[in-house]
There are 2 protein chains.
Amino acid sequence: MAHAVSPLAPTSFPDMQAIGGVRIAAGLTGMRYKNRDDIVMFAFDKGTSVAGVFTLNKMPGMPVDWCRKYVGKGKARALVVNAGNANVFTGKQGRDACAATAKAAAKALGCKAEEIMLASTGVIGLIPQADLLAKAVADLGGRLGTADWTRAARAIMTTDTFAKAATTTAKIGGKKVRISGICKGSGMIMPQMATMLAFVATDAAIDPSVLRKLVREEADTSFNAVTVDGDTSTSDTLLAFATGAAGNKPVKSLTSADGKALRKAFAVVLQDLAIQIARDGEGAQKLVTIDIAGAQSDAAARRIAMSIGNSPLVKTALAAGDANWGRIVAAVGKAGEKADRDKLSVSIGGITIARKGGLVPGYDETPVAKHLSGREVFLKVDLGLGKGKARVWTCDLTHAYIDINADYRS
Amino acid sequence: MAHAVSPLAPTSFPDMQAIGGVRIAAGLTGMRYKNRDDIVMFAFDKGTSVAGVFTLNKMPGMPVDWCRKYVGKGKARALVVNAGNANVFTGKQGRDACAATAKAAAKALGCKAEEIMLASTGVIGLIPQADLLAKAVADLGGRLGTADWTRAARAIMTTDTFAKAATTTAKIGGKKVRISGICKGSGMIMPQMATMLAFVATDAAIDPSVLRKLVREEADTSFNAVTVDGDTSTSDTLLAFATGAAGNKPVKSLTSADGKALRKAFAVVLQDLAIQIARDGEGAQKLVTIDIAGAQSDAAARRIAMSIGNSPLVKTALAAGDANWGRIVAAVGKAGEKADRDKLSVSIGGITIARKGGLVPGYDETPVAKHLSGREVFLKVDLGLGKGKARVWTCDLTHAYIDINADYRS
């Protein structure tokens, strides 16, 4: 069942520049969907660096197992992603499907199977059909062409209501480099040290060890700072590929001027993609930004932000535009982090509501209610204890979340 | 706004026996509600033992602070509970309201204010009116009579759709003793080491130190094993009072025959009350029992059970009667406890669906779908790792949860 496009969707798909060294093709496996692409293949030129971070869920999908095994080599020639069947909890048949997919891609490109990265998203527990996957990949291998990012982003959607992409450029070692990425994700979203499916490619030359550090660190303030429903997926995957086609001298350190420029550009793309996931949170009507300050540590701030961002009571109140700030206080208190009721302050839309354990004298709810009636909501909590801070993005909890998740499998 | 009575409500209110040494009166403060009782006072005869456990939320309500300060003395003469205003995050005015309420009750009974226990439930952040509370308590003090438990249970309701009570008897030291309790709770339910509001009284004579141990331990397998929405309240309180009117020799150890009989009887009442909270979970259409076995420890089993019980994806699938067992697997994996995909088995309604990392060969969903169409759902997960086990009760997540929480404050 198709659901209406999120009212929080960006107004247009970004103008995705071609990335030297990247070719793409999308197609249909026939496994589950009938009238849409459900598989995409990215081919990378020889010498492309790869790095990835993956779900901390203890029931990882088979493609996650596969990538974990081979991503450490730091080089990749292709990425194959399919949607509709997550290939999770599928035993030997699932493992075989991964091997068959990688083998077909390796054959098409004349490389080793271990140079192929894999990702899948969709229903958990369905056995994937290895023959259909291999057949589709062989077909894609013959049709690789200039990057059609829109089609690629569409091919990996499940309950997503819009295709998600972001792009930027940077000057690295005197050369202009491009960084483009796509992602998918709408429900089962509380990435832990990783994300839903997100794929980023750049034509910059980046040492694999540098790319690894970059991806790990920037995931924390982008994908790992988003929650829709507190449910960490079994398939969370962020993979970044650097082809080197831009001709810059390979970046070997993140503390160099080039490293800093690269980090900045990656942050732009990853945060943009991550926020698009919150904007497409299942049933979302409001994008919610939660800022925590004054916590004992950044980690404590993050857990407090997630406690608010995952509170069904906070999220249903926001859906109703109700300035029920007491629920924010309760969510801070249940986070398990140090908190002192009498030092806490809470603001919504920049308006301080409560300070030092009580309501601000003469508090007028009118402007807060007006802020809450909009599409973008800003919550801020200051613990008044230390210097820890964190920012997290989420969405409200509406009837549509229940509708979407009642009929997803059928 | 009143919501329809939960379809999971017990068919009748239990026949609550009078407890010697307990008198009750209920009434109206006029603070918030107009046409219903919102305050209840329990008076206890001299010599009554008291013990309690309270929320681990770091933003505790003022009545929780009050009880924590005085409950350790082990003796109490009264309990005053009001509904509609939780007296949380209310600063000095909130503290003063507690003192005024206790003072009024102490005056009516001729005892010290520190012998009065207090509890409040309702909206967070509203300043309570100390004068209205004190006036209502003075009135109740003059009307104390034989226990009307039904009226008391009704007076403490907020979004509850039915009044919750349980009762049992036991033979202690040759004497028949009675144990009766009431509770309230429907949303903001994931008690941590405590509960929503629950009050239990017995005419057994029990040493305060024994009562304390009993309450702490039995809370773990009753109220602490219930979740509706993962939101730990600021006001969770379980208080137990033992008047000694039954004339038994005071119970001084839980390992004696009397101690064991007492524990068994307390377990009956506390579990009954706790399950009634799950049955009245906001918007609940199904009662869900989650059994975990084979975990590394009981604590790990409990966290895994809670991860399933708090997963919006599991709960929306259950609401739709969808046997989406993959979401159970994902919830196990995100719990952060040791788990091995290839040793895990999952059953619903006694039917094994997945075993050792994959679907059971020839799995037929028909009987599982039939089980899920009923009012009571049983999920079981065996980790296959150790001897840890836990049982948790929850409910499904329906549209009504969102409706109830969108309009609660207004």
# chains A, B, ... in the order shown; residues from 1 in each chain; ligands from 1
>>> interface_residues(of="chain A", to="chain B", cutoff="7 Å", atoms="only C-alpha atoms", output="ChimeraX atom specification")
/A:57-59,89-91,124-125,229,231-234,311-313,316-317,320,326,329-331,333-334,339,341,357-358,398-399,402,405-406
>>> write_last_selection(atoms="C-alpha atoms", output="PDB file, in the first residue's frame")
ATOM      1  CA  ASN A  57      21.508  -4.992  16.508  1.00  0.00           C
ATOM      2  CA  LYS A  58      22.517  -8.507  17.630  1.00  0.00           C
ATOM      3  CA  MET A  59      20.390 -10.084  14.887  1.00  0.00           C
ATOM      4  CA  PHE A  89      17.088 -14.461   9.990  1.00  0.00           C
ATOM      5  CA  THR A  90      17.175 -16.524   6.812  1.00  0.00           C
ATOM      6  CA  GLY A  91      19.843 -19.118   7.716  1.00  0.00           C
ATOM      7  CA  ILE A 124      12.612  -9.812   8.066  1.00  0.00           C
ATOM      8  CA  GLY A 125      12.495 -13.608   7.881  1.00  0.00           C
ATOM      9  CA  ASP A 229      10.487   4.821  16.811  1.00  0.00           C
ATOM     10  CA  ASP A 231      13.563   0.385  16.968  1.00  0.00           C
ATOM     11  CA  THR A 232      17.129  -0.273  15.839  1.00  0.00           C
ATOM     12  CA  SER A 233      17.000  -2.110  12.547  1.00  0.00           C
ATOM     13  CA  THR A 234      18.792  -5.355  11.797  1.00  0.00           C
ATOM     14  CA  SER A 311       8.864   8.964  24.315  1.00  0.00           C
ATOM     15  CA  PRO A 312       5.470   8.047  22.835  1.00  0.00           C
ATOM     16  CA  LEU A 313       3.877  10.516  25.244  1.00  0.00           C
ATOM     17  CA  THR A 316       1.699  12.110  20.660  1.00  0.00           C
ATOM     18  CA  ALA A 317       1.472  15.463  22.462  1.00  0.00           C
ATOM     19  CA  ALA A 320      -1.632  17.198  18.774  1.00  0.00           C
ATOM     20  CA  GLY A 326       5.667  17.930  31.773  1.00  0.00           C
ATOM     21  CA  VAL A 329      10.501  16.591  32.093  1.00  0.00           C
ATOM     22  CA  ALA A 330       9.398  12.991  32.723  1.00  0.00           C
ATOM     23  CA  ALA A 331      11.370  11.778  29.689  1.00  0.00           C
ATOM     24  CA  GLY A 333      14.012  11.888  34.344  1.00  0.00           C
ATOM     25  CA  LYS A 334      13.606   8.381  32.942  1.00  0.00           C
ATOM     26  CA  ALA A 339      19.547  15.141  36.423  1.00  0.00           C
ATOM     27  CA  ARG A 341      14.905  18.676  39.029  1.00  0.00           C
ATOM     28  CA  GLY A 357      12.317  23.177  38.920  1.00  0.00           C
ATOM     29  CA  GLY A 358       9.197  25.161  38.177  1.00  0.00           C
ATOM     30  CA  THR A 398       0.515   9.990  14.538  1.00  0.00           C
ATOM     31  CA  HIS A 399      -2.250   7.616  13.520  1.00  0.00           C
ATOM     32  CA  ILE A 402      -0.037   2.699  13.196  1.00  0.00           C
ATOM     33  CA  ASN A 405       2.827  -0.695  10.421  1.00  0.00           C
ATOM     34  CA  ALA A 406      -0.387  -2.643  10.583  1.00  0.00           C
TER      35      ALA A 406
END
>>> select_by_dssp(residues="segment 185-251 of chain B", states="strand (DSSP E or B)", output="list in words")
Leu197, Ala198, Phe199, Val200, Ala201, Thr202, Ile206, Val226, Thr237, Leu238, Leu239, Ala240, Phe241, Ala242 and Val251 of chain B
>>> write_last_selection(atoms="C-alpha atoms", output="mmCIF file, in the first residue's frame")
data_model
loop_
_atom_site.group_PDB
_atom_site.id
_atom_site.type_symbol
_atom_site.label_atom_id
_atom_site.label_comp_id
_atom_site.auth_asym_id
_atom_site.auth_seq_id
_atom_site.Cartn_x
_atom_site.Cartn_y
_atom_site.Cartn_z
ATOM 1 C CA LEU B 197 0.241 4.160 42.146
ATOM 2 C CA ALA B 198 -0.559 0.974 44.028
ATOM 3 C CA PHE B 199 -1.623 0.597 47.621
ATOM 4 C CA VAL B 200 -1.925 -2.666 49.493
ATOM 5 C CA ALA B 201 -3.205 -3.192 53.002
ATOM 6 C CA THR B 202 -3.256 -6.303 55.154
ATOM 7 C CA ILE B 206 4.369 -7.881 59.767
ATOM 8 C CA VAL B 226 4.593 -4.316 33.096
ATOM 9 C CA THR B 237 4.602 4.508 44.068
ATOM 10 C CA LEU B 238 3.812 1.176 45.709
ATOM 11 C CA LEU B 239 2.970 1.385 49.389
ATOM 12 C CA ALA B 240 1.988 -1.544 51.603
ATOM 13 C CA PHE B 241 0.439 -1.237 55.047
ATOM 14 C CA ALA B 242 0.125 -4.028 57.651
ATOM 15 C CA VAL B 251 6.076 -12.113 60.782
#
>>> residues_around(residues="segment 69-82 of chain B", least_positions_apart="3", cutoff="6 Å", atoms="only C-alpha atoms", output="JSON, numbers by chain")
{"B": [38, 39, 40, 41, 42, 43, 44, 48, 49, 50, 66, 114, 115, 116, 117, 118, 119, 120, 208]}
>>> residues_around(residues="segment 131-139 of chain A", least_positions_apart="2", cutoff="8 Å", atoms="only C-alpha atoms", output="list in words")
Gly27, Leu28, Thr29, Gly30, Met31, Ile39, Met41, Val80, Ala97, Ala100, Thr101, Lys103, Ala104, Ala105, Ala108, Gln129, Gly141, Gly142 and Arg143 of chain A
>>> closest_residue(among="A:Val53, A:Val377, A:Lys34, A:Ser347", to="Asp220 of chain A", atoms="only C-alpha atoms")
A:Val53
>>> residues_around(residues="segment 263-280 of chain A", least_positions_apart="6", cutoff="6 Å", atoms="only C-alpha atoms", output="list in words")
Ser6, Leu8, Ala166, Thr167, Gly185, Ser186, Ser222, Phe223, Leu287, Thr394 and Cys395 of chain A
>>> atom_distance(atom1="atom CA of Ile24 of chain A", atom2="atom CA of Ala153 of chain A")
11.0 Å
>>> atom_distance(atom1="atom CA of Gln296 of chain B", atom2="atom CA of Lys380 of chain B")
15.9 Å
>>> residues_around(residues="Leu379 of chain A", least_positions_apart="4", cutoff="7 Å", atoms="only C-alpha atoms", output="list in words")
Thr289, Ile290, Asp291, Ser347, Ile348 and Gly349 of chain A
>>> select_by_dssp(residues="segment 33-256 of chain A", states="helix (DSSP H, G or I)", output="number ranges by chain")
A: 62-73, 91-109, 113-115, 130-141, 149-155, 208-220, 223-225
>>> residues_around(residues="Lys249 of chain B", least_positions_apart="2", cutoff="9 Å", atoms="only C-alpha atoms", output="list in words")
Ile172, Gly173, Lys175, Ala204, Ala205, Ile206, Gly244, Gly247, Val251 and Lys252 of chain B
>>> write_last_selection(atoms="C-alpha atoms", output="short mmCIF file (atom, residue, chain, number, x, y, z; two decimals), in the first residue's frame")
data_model
loop_
_atom_site.label_atom_id
_atom_site.label_comp_id
_atom_site.auth_asym_id
_atom_site.auth_seq_id
_atom_site.Cartn_x
_atom_site.Cartn_y
_atom_site.Cartn_z
CA ILE B 172 -0.39 -16.88 59.02
CA GLY B 173 0.50 -18.30 62.44
CA LYS B 175 -4.79 -16.80 61.87
CA ALA B 204 -1.49 -9.33 59.14
CA ALA B 205 1.10 -8.27 61.67
CA ILE B 206 4.37 -7.88 59.77
CA GLY B 244 -1.82 -6.39 62.58
CA GLY B 247 -3.86 -10.96 65.64
CA VAL B 251 6.08 -12.11 60.78
CA LYS B 252 9.81 -11.57 61.28
#
